[in-house]
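Dumped data_13.cif below, it's mmCIF, C-alpha atoms:
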```cif
data_structure
#
loop_
_atom_site.group_PDB
_atom_site.id
_atom_site.type_symbol
_atom_site.label_atom_id
_atom_site.label_comp_id
_atom_site.auth_asym_id
_atom_site.auth_seq_id
_atom_site.Cartn_x
_atom_site.Cartn_y
_atom_site.Cartn_z
ATOM 1 C CA MET J 1032 127.944 102.401 85.108
ATOM 2 C CA THR J 1033 128.730 101.758 81.502
ATOM 3 C CA GLY J 1034 126.677 100.133 78.804
ATOM 4 C CA ARG J 1035 129.070 97.174 78.661
ATOM 5 C CA ALA J 1036 129.287 94.427 81.199
ATOM 6 C CA SER J 1037 132.502 93.702 83.012
ATOM 7 C CA VAL J 1038 132.383 90.190 81.571
ATOM 8 C CA THR J 1039 132.183 89.063 78.008
ATOM 9 C CA PRO J 1040 129.028 87.384 76.668
ATOM 10 C CA GLY J 1041 128.980 83.768 77.746
ATOM 11 C CA ALA J 1042 131.503 84.253 80.543
ATOM 12 C CA SER J 1043 131.553 81.764 83.385
ATOM 13 C CA LEU J 1044 129.320 82.640 86.298
ATOM 14 C CA THR J 1045 132.144 82.090 88.735
ATOM 15 C CA GLU J 1046 134.264 84.732 87.001
ATOM 16 C CA VAL J 1047 132.175 87.520 88.522
ATOM 17 C CA SER J 1048 131.433 86.052 91.932
ATOM 18 C CA GLY J 1049 132.855 87.476 95.148
ATOM 19 C CA SER J 1050 133.133 90.891 96.791
ATOM 20 C CA PHE J 1051 132.959 94.237 95.064
ATOM 21 C CA GLY J 1052 133.847 97.806 95.936
ATOM 22 C CA LEU J 1053 132.255 100.325 98.244
ATOM 23 C CA LEU J 1054 130.721 102.300 95.364
ATOM 24 C CA ALA J 1055 128.854 99.223 94.147
ATOM 25 C CA VAL J 1056 127.716 98.400 97.694
ATOM 26 C CA LEU J 1057 126.326 101.910 98.176
ATOM 27 C CA ALA J 1058 124.671 101.801 94.755
ATOM 28 C CA VAL J 1059 122.845 98.558 95.565
ATOM 29 C CA ILE J 1060 121.775 99.857 98.980
ATOM 30 C CA LEU J 1061 120.403 102.964 97.219
ATOM 31 C CA ALA J 1062 118.570 100.655 94.824
ATOM 32 C CA GLY J 1063 117.002 98.966 97.857
ATOM 33 C CA LEU J 1064 115.859 102.347 99.161
ATOM 34 C CA LEU J 1065 114.259 103.153 95.798
ATOM 35 C CA HIS J 1066 112.550 99.764 95.867
ATOM 36 C CA ALA J 1067 111.129 100.352 99.352
ATOM 37 C CA THR J 1068 109.863 103.757 98.227
ATOM 38 C CA TRP J 1069 107.910 102.537 95.218
ATOM 39 C CA ASN J 1070 106.561 99.599 97.210
ATOM 40 C CA ALA J 1071 105.277 102.021 99.846
ATOM 41 C CA MET J 1072 103.643 104.032 97.063
ATOM 42 C CA ALA J 1073 101.973 100.851 95.817
ATOM 43 C CA LYS J 1074 100.773 99.977 99.331
ATOM 44 C CA ALA J 1075 99.352 103.496 99.856
ATOM 45 C CA ALA J 1076 97.654 103.689 96.451
ATOM 46 C CA PRO J 1077 93.834 103.911 96.529
ATOM 47 C CA ASP J 1078 93.705 101.472 93.603
ATOM 48 C CA ARG J 1079 96.743 99.165 93.375
ATOM 49 C CA HIS J 1080 95.764 97.610 90.072
ATOM 50 C CA ALA J 1081 95.724 101.076 88.503
ATOM 51 C CA THR J 1082 99.078 101.869 90.101
ATOM 52 C CA PHE J 1083 100.682 98.725 88.706
ATOM 53 C CA ALA J 1084 99.199 99.440 85.288
ATOM 54 C CA LEU J 1085 100.937 102.823 85.448
ATOM 55 C CA PHE J 1086 104.143 101.131 86.594
ATOM 56 C CA GLY J 1087 103.912 98.926 83.501
ATOM 57 C CA LEU J 1088 103.512 101.951 81.243
ATOM 58 C CA ALA J 1089 106.570 103.543 82.859
ATOM 59 C CA TYR J 1090 108.564 100.340 82.280
ATOM 60 C CA LEU J 1091 107.522 100.328 78.624
ATOM 61 C CA VAL J 1092 108.448 103.962 78.016
ATOM 62 C CA CYS J 1093 111.767 103.793 79.887
ATOM 63 C CA GLY J 1094 112.749 100.619 78.058
ATOM 64 C CA ALA J 1095 111.882 102.098 74.682
ATOM 65 C CA VAL J 1096 113.829 105.298 75.350
ATOM 66 C CA ALA J 1097 116.890 103.350 76.526
ATOM 67 C CA LEU J 1098 116.956 101.331 73.301
ATOM 68 C CA ALA J 1099 118.066 104.446 71.424
ATOM 69 C CA TRP J 1100 121.454 104.581 73.143
ATOM 70 C CA THR J 1101 122.270 101.110 74.409
ATOM 71 C CA PRO J 1102 123.420 97.976 72.559
ATOM 72 C CA ALA J 1103 121.166 94.937 72.386
ATOM 73 C CA PRO J 1104 122.017 91.973 74.638
ATOM 74 C CA ALA J 1105 123.751 88.941 73.155
ATOM 75 C CA SER J 1106 121.517 86.191 71.800
ATOM 76 C CA ALA J 1107 122.422 83.807 74.646
ATOM 77 C CA ALA J 1108 120.690 86.139 77.131
ATOM 78 C CA TRP J 1109 117.281 86.228 75.438
ATOM 79 C CA PRO J 1110 115.746 83.025 76.881
ATOM 80 C CA TRP J 1111 116.681 84.164 80.377
ATOM 81 C CA LEU J 1112 115.350 87.666 79.727
ATOM 82 C CA ALA J 1113 112.021 86.425 78.362
ATOM 83 C CA THR J 1114 111.464 84.019 81.258
ATOM 84 C CA SER J 1115 112.402 86.709 83.753
ATOM 85 C CA ALA J 1116 109.871 89.141 82.268
ATOM 86 C CA VAL J 1117 107.142 86.579 83.022
ATOM 87 C CA GLY J 1118 108.592 86.070 86.520
ATOM 88 C CA HIS J 1119 108.504 89.809 87.245
ATOM 89 C CA THR J 1120 104.868 89.895 86.152
ATOM 90 C CA VAL J 1121 103.948 87.030 88.489
ATOM 91 C CA TYR J 1122 105.798 88.874 91.249
ATOM 92 C CA SER J 1123 103.727 92.035 90.717
ATOM 93 C CA TRP J 1124 100.507 90.008 90.973
ATOM 94 C CA LEU J 1125 101.690 88.354 94.204
ATOM 95 C CA LEU J 1126 102.767 91.703 95.631
ATOM 96 C CA ILE J 1127 99.283 93.154 95.261
ATOM 97 C CA ARG J 1128 97.920 90.105 97.055
ATOM 98 C CA CYS J 1129 100.439 90.591 99.889
ATOM 99 C CA TYR J 1130 99.406 94.193 100.415
ATOM 100 C CA ARG J 1131 95.747 93.244 100.473
ATOM 101 C CA LEU J 1132 96.316 90.616 103.189
ATOM 102 C CA GLY J 1133 98.905 92.099 105.547
ATOM 103 C CA ASP J 1134 100.628 95.177 106.994
ATOM 104 C CA PHE J 1135 103.375 96.755 104.902
ATOM 105 C CA ASN J 1136 106.100 96.381 107.557
ATOM 106 C CA GLN J 1137 105.307 92.676 107.954
ATOM 107 C CA VAL J 1138 104.687 91.227 104.500
ATOM 108 C CA TYR J 1139 107.271 93.424 102.743
ATOM 109 C CA PRO J 1140 110.225 92.413 104.976
ATOM 110 C CA LEU J 1141 109.206 88.761 104.907
ATOM 111 C CA ALA J 1142 108.947 88.666 101.117
ATOM 112 C CA ARG J 1143 112.186 90.552 100.600
ATOM 113 C CA GLY J 1144 114.055 88.892 103.489
ATOM 114 C CA SER J 1145 113.348 85.341 102.359
ATOM 115 C CA ALA J 1146 114.493 85.978 98.789
ATOM 116 C CA PRO J 1147 118.278 86.291 99.448
ATOM 117 C CA LEU J 1148 118.210 82.968 101.276
ATOM 118 C CA PHE J 1149 116.621 81.255 98.269
ATOM 119 C CA VAL J 1150 119.073 83.024 95.935
ATOM 120 C CA ALA J 1151 122.065 81.958 98.030
ATOM 121 C CA LEU J 1152 120.893 78.357 97.989
ATOM 122 C CA VAL J 1153 120.484 78.258 94.208
ATOM 123 C CA ALA J 1154 123.585 80.312 93.409
ATOM 124 C CA THR J 1155 125.933 78.240 95.557
ATOM 125 C CA THR J 1156 124.526 74.811 94.684
ATOM 126 C CA ALA J 1157 123.446 75.147 91.055
ATOM 127 C CA LEU J 1158 125.511 78.041 89.662
ATOM 128 C CA GLY J 1159 128.828 77.311 91.368
ATOM 129 C CA GLU J 1160 129.251 80.670 93.086
ATOM 130 C CA ARG J 1161 131.591 80.757 96.063
ATOM 131 C CA LEU J 1162 131.161 82.991 99.103
ATOM 132 C CA SER J 1163 133.617 83.622 101.916
ATOM 133 C CA LEU J 1164 132.691 82.590 105.438
ATOM 134 C CA GLY J 1165 132.118 86.231 106.347
ATOM 135 C CA GLN J 1166 129.814 86.704 103.390
ATOM 136 C CA LEU J 1167 127.824 83.571 104.238
ATOM 137 C CA ILE J 1168 127.398 84.757 107.826
ATOM 138 C CA GLY J 1169 126.479 88.223 106.564
ATOM 139 C CA VAL J 1170 123.783 86.881 104.229
ATOM 140 C CA ALA J 1171 122.365 84.771 107.074
ATOM 141 C CA ILE J 1172 122.303 87.743 109.467
ATOM 142 C CA VAL J 1173 120.626 89.985 106.889
ATOM 143 C CA CYS J 1174 117.956 87.352 106.208
ATOM 144 C CA GLY J 1175 117.433 86.736 109.928
ATOM 145 C CA GLY J 1176 117.170 90.435 110.707
ATOM 146 C CA LEU J 1177 114.652 90.965 107.927
ATOM 147 C CA GLY J 1178 112.647 88.007 109.185
ATOM 148 C CA VAL J 1179 112.488 89.571 112.664
ATOM 149 C CA LEU J 1180 111.358 92.846 111.117
ATOM 150 C CA ALA J 1181 108.478 90.949 109.564
ATOM 151 C CA LEU J 1182 107.479 88.660 112.419
ATOM 152 C CA ALA J 1183 108.224 90.594 115.620
ATOM 153 C CA GLY J 1184 105.322 92.178 117.447
ATOM 154 C CA GLY J 1185 104.960 95.904 117.881
ATOM 155 C CA ARG J 1186 105.607 97.947 120.982
ATOM 156 C CA THR J 1187 103.265 95.823 123.019
ATOM 157 C CA GLY J 1188 105.116 92.654 122.052
ATOM 158 C CA GLY J 1189 101.785 90.887 121.711
ATOM 159 C CA SER J 1190 100.428 88.706 118.949
ATOM 160 C CA ALA J 1191 97.866 91.169 117.650
ATOM 161 C CA ASN J 1192 100.347 92.351 115.064
ATOM 162 C CA ALA J 1193 101.339 88.859 113.916
ATOM 163 C CA PRO J 1194 100.632 88.347 110.215
ATOM 164 C CA ARG J 1195 97.863 85.894 109.373
ATOM 165 C CA SER J 1196 98.588 82.620 107.580
ATOM 166 C CA PRO J 1197 97.292 83.815 104.173
ATOM 167 C CA ALA J 1198 99.532 86.891 104.405
ATOM 168 C CA LEU J 1199 102.515 84.737 105.411
ATOM 169 C CA LEU J 1200 101.945 82.371 102.513
ATOM 170 C CA ALA J 1201 101.561 85.201 100.016
ATOM 171 C CA ALA J 1202 104.742 86.860 101.320
ATOM 172 C CA LEU J 1203 106.767 83.628 101.088
ATOM 173 C CA LEU J 1204 105.498 82.937 97.567
ATOM 174 C CA THR J 1205 106.492 86.484 96.685
ATOM 175 C CA GLY J 1206 109.955 85.762 98.085
ATOM 176 C CA VAL J 1207 110.207 82.679 95.859
ATOM 177 C CA SER J 1208 109.239 84.741 92.821
ATOM 178 C CA ILE J 1209 111.850 87.383 93.724
ATOM 179 C CA ALA J 1210 114.520 84.697 94.023
ATOM 180 C CA ALA J 1211 113.455 83.182 90.696
ATOM 181 C CA TYR J 1212 113.717 86.388 88.690
ATOM 182 C CA THR J 1213 116.927 87.351 90.531
ATOM 183 C CA VAL J 1214 118.653 84.138 89.451
ATOM 184 C CA LEU J 1215 117.243 84.363 85.919
ATOM 185 C CA ASP J 1216 118.436 87.946 85.570
ATOM 186 C CA GLY J 1217 121.776 87.185 87.206
ATOM 187 C CA VAL J 1218 122.521 84.568 84.571
ATOM 188 C CA GLY J 1219 120.951 86.530 81.716
ATOM 189 C CA VAL J 1220 122.690 89.836 82.349
ATOM 190 C CA ARG J 1221 126.082 88.115 82.609
ATOM 191 C CA LEU J 1222 125.527 86.461 79.253
ATOM 192 C CA SER J 1223 124.255 89.670 77.670
ATOM 193 C CA GLY J 1224 127.489 91.660 77.376
ATOM 194 C CA SER J 1225 125.391 94.794 77.991
ATOM 195 C CA PRO J 1226 123.711 95.409 81.365
ATOM 196 C CA THR J 1227 121.937 98.520 80.099
ATOM 197 C CA GLY J 1228 120.777 96.740 76.948
ATOM 198 C CA TYR J 1229 119.508 93.826 79.007
ATOM 199 C CA ALA J 1230 117.694 96.228 81.354
ATOM 200 C CA ALA J 1231 116.127 98.130 78.450
ATOM 201 C CA TRP J 1232 114.745 95.018 76.798
ATOM 202 C CA LEU J 1233 113.642 93.540 80.125
ATOM 203 C CA PHE J 1234 111.529 96.573 81.001
ATOM 204 C CA LEU J 1235 110.269 96.865 77.441
ATOM 205 C CA SER J 1236 109.105 93.245 77.715
ATOM 206 C CA MET J 1237 107.703 93.550 81.235
ATOM 207 C CA GLY J 1238 105.671 96.678 80.574
ATOM 208 C CA PRO J 1239 103.008 95.155 78.279
ATOM 209 C CA LEU J 1240 102.758 92.043 80.473
ATOM 210 C CA VAL J 1241 102.099 94.055 83.629
ATOM 211 C CA VAL J 1242 99.589 96.319 81.884
ATOM 212 C CA GLY J 1243 97.982 93.253 80.292
ATOM 213 C CA TRP J 1244 97.323 91.341 83.499
ATOM 214 C CA THR J 1245 95.971 94.401 85.312
ATOM 215 C CA TRP J 1246 93.655 95.089 82.361
ATOM 216 C CA ALA J 1247 92.553 91.448 82.320
ATOM 217 C CA ALA J 1248 91.723 91.710 86.020
ATOM 218 C CA ARG J 1249 89.861 95.009 85.883
ATOM 219 C CA GLY J 1250 89.204 96.093 82.313
ATOM 220 C CA ARG J 1251 87.877 99.616 81.715
ATOM 221 C CA THR J 1252 87.332 100.184 85.427
ATOM 222 C CA LEU J 1253 91.092 100.917 85.563
ATOM 223 C CA LEU J 1254 90.840 104.069 83.471
ATOM 224 C CA ASP J 1255 89.400 106.491 86.029
ATOM 225 C CA PRO J 1256 91.791 105.570 88.877
ATOM 226 C CA MET J 1257 94.700 105.631 86.413
ATOM 227 C CA ARG J 1258 93.820 109.202 85.507
ATOM 228 C CA GLU J 1259 93.657 110.120 89.192
ATOM 229 C CA GLN J 1260 96.906 108.374 90.178
ATOM 230 C CA TRP J 1261 99.015 108.922 87.079
ATOM 231 C CA ARG J 1262 101.685 111.100 88.706
ATOM 232 C CA ALA J 1263 102.440 108.751 91.593
ATOM 233 C CA GLY J 1264 102.170 105.692 89.358
ATOM 234 C CA LEU J 1265 104.610 106.937 86.749
ATOM 235 C CA VAL J 1266 107.073 108.240 89.358
ATOM 236 C CA GLY J 1267 106.965 104.875 91.132
ATOM 237 C CA GLY J 1268 107.575 103.070 87.853
ATOM 238 C CA VAL J 1269 110.617 105.211 87.051
ATOM 239 C CA LEU J 1270 112.004 104.583 90.546
ATOM 240 C CA GLY J 1271 111.569 100.863 89.946
ATOM 241 C CA VAL J 1272 113.420 101.058 86.636
ATOM 242 C CA ALA J 1273 116.318 103.051 88.106
ATOM 243 C CA GLY J 1274 116.708 100.803 91.135
ATOM 244 C CA TYR J 1275 116.607 97.516 89.263
ATOM 245 C CA ALA J 1276 118.950 98.741 86.519
ATOM 246 C CA VAL J 1277 121.551 99.281 89.250
ATOM 247 C CA VAL J 1278 120.933 95.754 90.562
ATOM 248 C CA LEU J 1279 121.395 94.255 87.092
ATOM 249 C CA TRP J 1280 124.714 96.058 86.701
ATOM 250 C CA ALA J 1281 125.844 94.907 90.155
ATOM 251 C CA GLN J 1282 125.042 91.297 89.255
ATOM 252 C CA THR J 1283 127.733 91.427 86.579
ATOM 253 C CA ILE J 1284 130.462 92.139 89.150
ATOM 254 C CA GLY J 1285 129.274 90.516 92.376
ATOM 255 C CA ALA J 1286 127.883 87.206 93.608
ATOM 256 C CA LEU J 1287 124.105 86.941 93.273
ATOM 257 C CA ALA J 1288 123.556 86.136 96.966
ATOM 258 C CA VAL J 1289 125.578 89.183 98.013
ATOM 259 C CA VAL J 1290 123.748 91.527 95.637
ATOM 260 C CA ALA J 1291 120.373 90.122 96.717
ATOM 261 C CA ALA J 1292 121.147 90.573 100.412
ATOM 262 C CA LEU J 1293 122.448 94.118 99.927
ATOM 263 C CA ARG J 1294 119.396 95.076 97.898
ATOM 264 C CA GLU J 1295 117.037 93.852 100.579
ATOM 265 C CA THR J 1296 118.546 96.193 103.165
ATOM 266 C CA GLY J 1297 115.954 98.564 101.728
ATOM 267 C CA VAL J 1298 113.558 96.702 104.006
ATOM 268 C CA VAL J 1299 114.994 98.718 106.907
ATOM 269 C CA ALA J 1300 113.826 101.849 105.103
ATOM 270 C CA GLY J 1301 110.543 100.056 104.484
ATOM 271 C CA ALA J 1302 110.111 99.444 108.223
ATOM 272 C CA ILE J 1303 110.680 103.132 108.913
ATOM 273 C CA ILE J 1304 108.205 104.074 106.181
ATOM 274 C CA GLY J 1305 105.692 101.642 107.655
ATOM 275 C CA ALA J 1306 106.035 103.282 111.084
ATOM 276 C CA LEU J 1307 105.983 106.913 109.926
ATOM 277 C CA VAL J 1308 103.595 106.790 106.967
ATOM 278 C CA PHE J 1309 101.268 103.885 107.731
ATOM 279 C CA ARG J 1310 101.437 104.253 111.556
ATOM 280 C CA GLU J 1311 102.436 100.611 111.899
ATOM 281 C CA ARG J 1312 104.229 99.670 115.091
ATOM 282 C CA MET J 1313 108.028 99.450 115.145
ATOM 283 C CA GLY J 1314 109.103 98.524 118.682
ATOM 284 C CA GLY J 1315 112.407 97.387 120.190
ATOM 285 C CA PRO J 1316 112.721 94.023 118.416
ATOM 286 C CA ARG J 1317 112.447 95.617 114.998
ATOM 287 C CA ILE J 1318 114.950 98.335 115.897
ATOM 288 C CA ALA J 1319 117.392 95.619 117.010
ATOM 289 C CA ALA J 1320 116.698 93.713 113.794
ATOM 290 C CA ALA J 1321 117.558 96.805 111.741
ATOM 291 C CA ALA J 1322 120.895 97.027 113.564
ATOM 292 C CA ALA J 1323 121.504 93.327 112.807
ATOM 293 C CA VAL J 1324 120.897 93.997 109.120
ATOM 294 C CA ALA J 1325 123.545 96.737 109.204
ATOM 295 C CA LEU J 1326 125.996 94.272 110.790
ATOM 296 C CA GLY J 1327 125.179 91.711 108.105
ATOM 297 C CA VAL J 1328 125.937 94.258 105.387
ATOM 298 C CA ALA J 1329 129.346 94.905 106.938
ATOM 299 C CA LEU J 1330 130.149 91.182 107.047
ATOM 300 C CA ILE J 1331 129.074 90.723 103.437
ATOM 301 C CA ASN J 1332 131.985 92.931 102.444
ATOM 302 C CA VAL J 1333 134.619 91.026 104.414
ATOM 303 C CA ARG J 1334 137.097 89.676 101.888
#
```
Let me see whether you can do it: turn the structure in this file into structure tokens.
Amino acid sequence: MTGRASVTPGASLTEVSGSFGLLAVLAVILAGLLHATWNAMAKAAPDRHATFALFGLAYLVCGAVALAWTPAPASAAWPWLATSAVGHTVYSWLLIRCYRLGDFNQVYPLARGSAPLFVALVATTALGERLSLGQLIGVAIVCGGLGVLALAGGRTGGSANAPRSPALLAALLTGVSIAAYTVLDGVGVRLSGSPTGYAAWLFLSMGPLVVGWTWAARGRTLLDPMREQWRAGLVGGVLGVAGYAVVLWAQTIGALAVVAALRETGVVAGAIIGALVFRERMGGPRIAAAAAVALGVALINVR
């Protein structure tokens, strides 16, 4: 990845829509794996507010360091960047609520799996992106497979594992917030002329907002758990920065719906983490859903 976008500042959104190469596909899938990892760390944290405060500090530091070697984004990108920073902060608040209400391998796939569908709807109707038939089918299969991962019962096939209504609502609202910041960043990074510069300023802006809302919620009671969890919190924050920087770069060369769907394949890794780490049930339906997601990824790259 280079510091310069593959499009000039102010380029048409449709100029960068469509398929992209295998390297980019693998990079976005890796970004999804990193995302699932830091989300699992957030779910497992004894104090999630403290963990997100540490994430925010990591965002701030990484953004500040990156400013030393990356060009600033073009002026046209700043309104999108600023609005997205607020959107990411709302997302982090909703994510904590999700993890309080439901199992990791239910609310996480539902939140992440619904987002590409919302992104595809906005990108194709409002932003003028065009997807091939294979890509449209692939996005639909990925979303459907992720939905099954979230909603299917465990090995018993019963309803005991079904997420409760509050958890479902929180997960869907989280999916809406993911779609919102994805579209905002997709437009903003394409206008920026510098994916790395956009990423640096985005994380520099997000960091204080995330720390601020966690402090407003908990105040000084955050300090002790932050001291206890600082290693995991900072590592998780760096993973989040690395993964989303890759996504921002990919959005300059591929259609937003495609990038969003590829990124959310990390939910398959999340389901495995949920089964192995949190002892949450996997079962046949979720294994079949994971295979469907893999098929969807293949179709997304049909030109």
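Coordinates place atom CA of J:Ala1113 at a distance of 27.7 Å from atom CA of J:Ala1263.
Taking atom CA of J:Gly1228 and atom CA of J:Trp1100 as the two end points, the separation is 8.7 Å.
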- Would you list the residues near (115.9, 82.9, 105.0) (no more than 8 Å away, in the coordinates of the file, using all atoms listed in the file) as a count of residues only? 10
- Task: Could you list the residues chosen by the PyMOL selection byres ((chain J and resi 1270) around 9) in this structure as a list of chain:residue names?
- Result: J:Ala1062, J:Leu1065, J:His1066, J:Thr1068, J:Trp1069, J:Leu1265, J:Val1266, J:Gly1267, J:Gly1268, J:Val1269, J:Gly1271, J:Val1272, J:Ala1273, J:Gly1274, J:Tyr1275
- Query: So how far away is atom CA of J:Leu1253 from atom CA of J:Arg1079, in Å?
  - Reply: 9.8 Å
- Message: I want to know what sits within 12 Å of J:Val1173, based on all atoms listed in the file, with residues of the same chain fewer than 4 positions away left out; could you give that as a ChimeraX atom specification?
- Response: /J:1140-1141,1143-1148,1166-1169,1177-1180,1288-1299,1320-1331
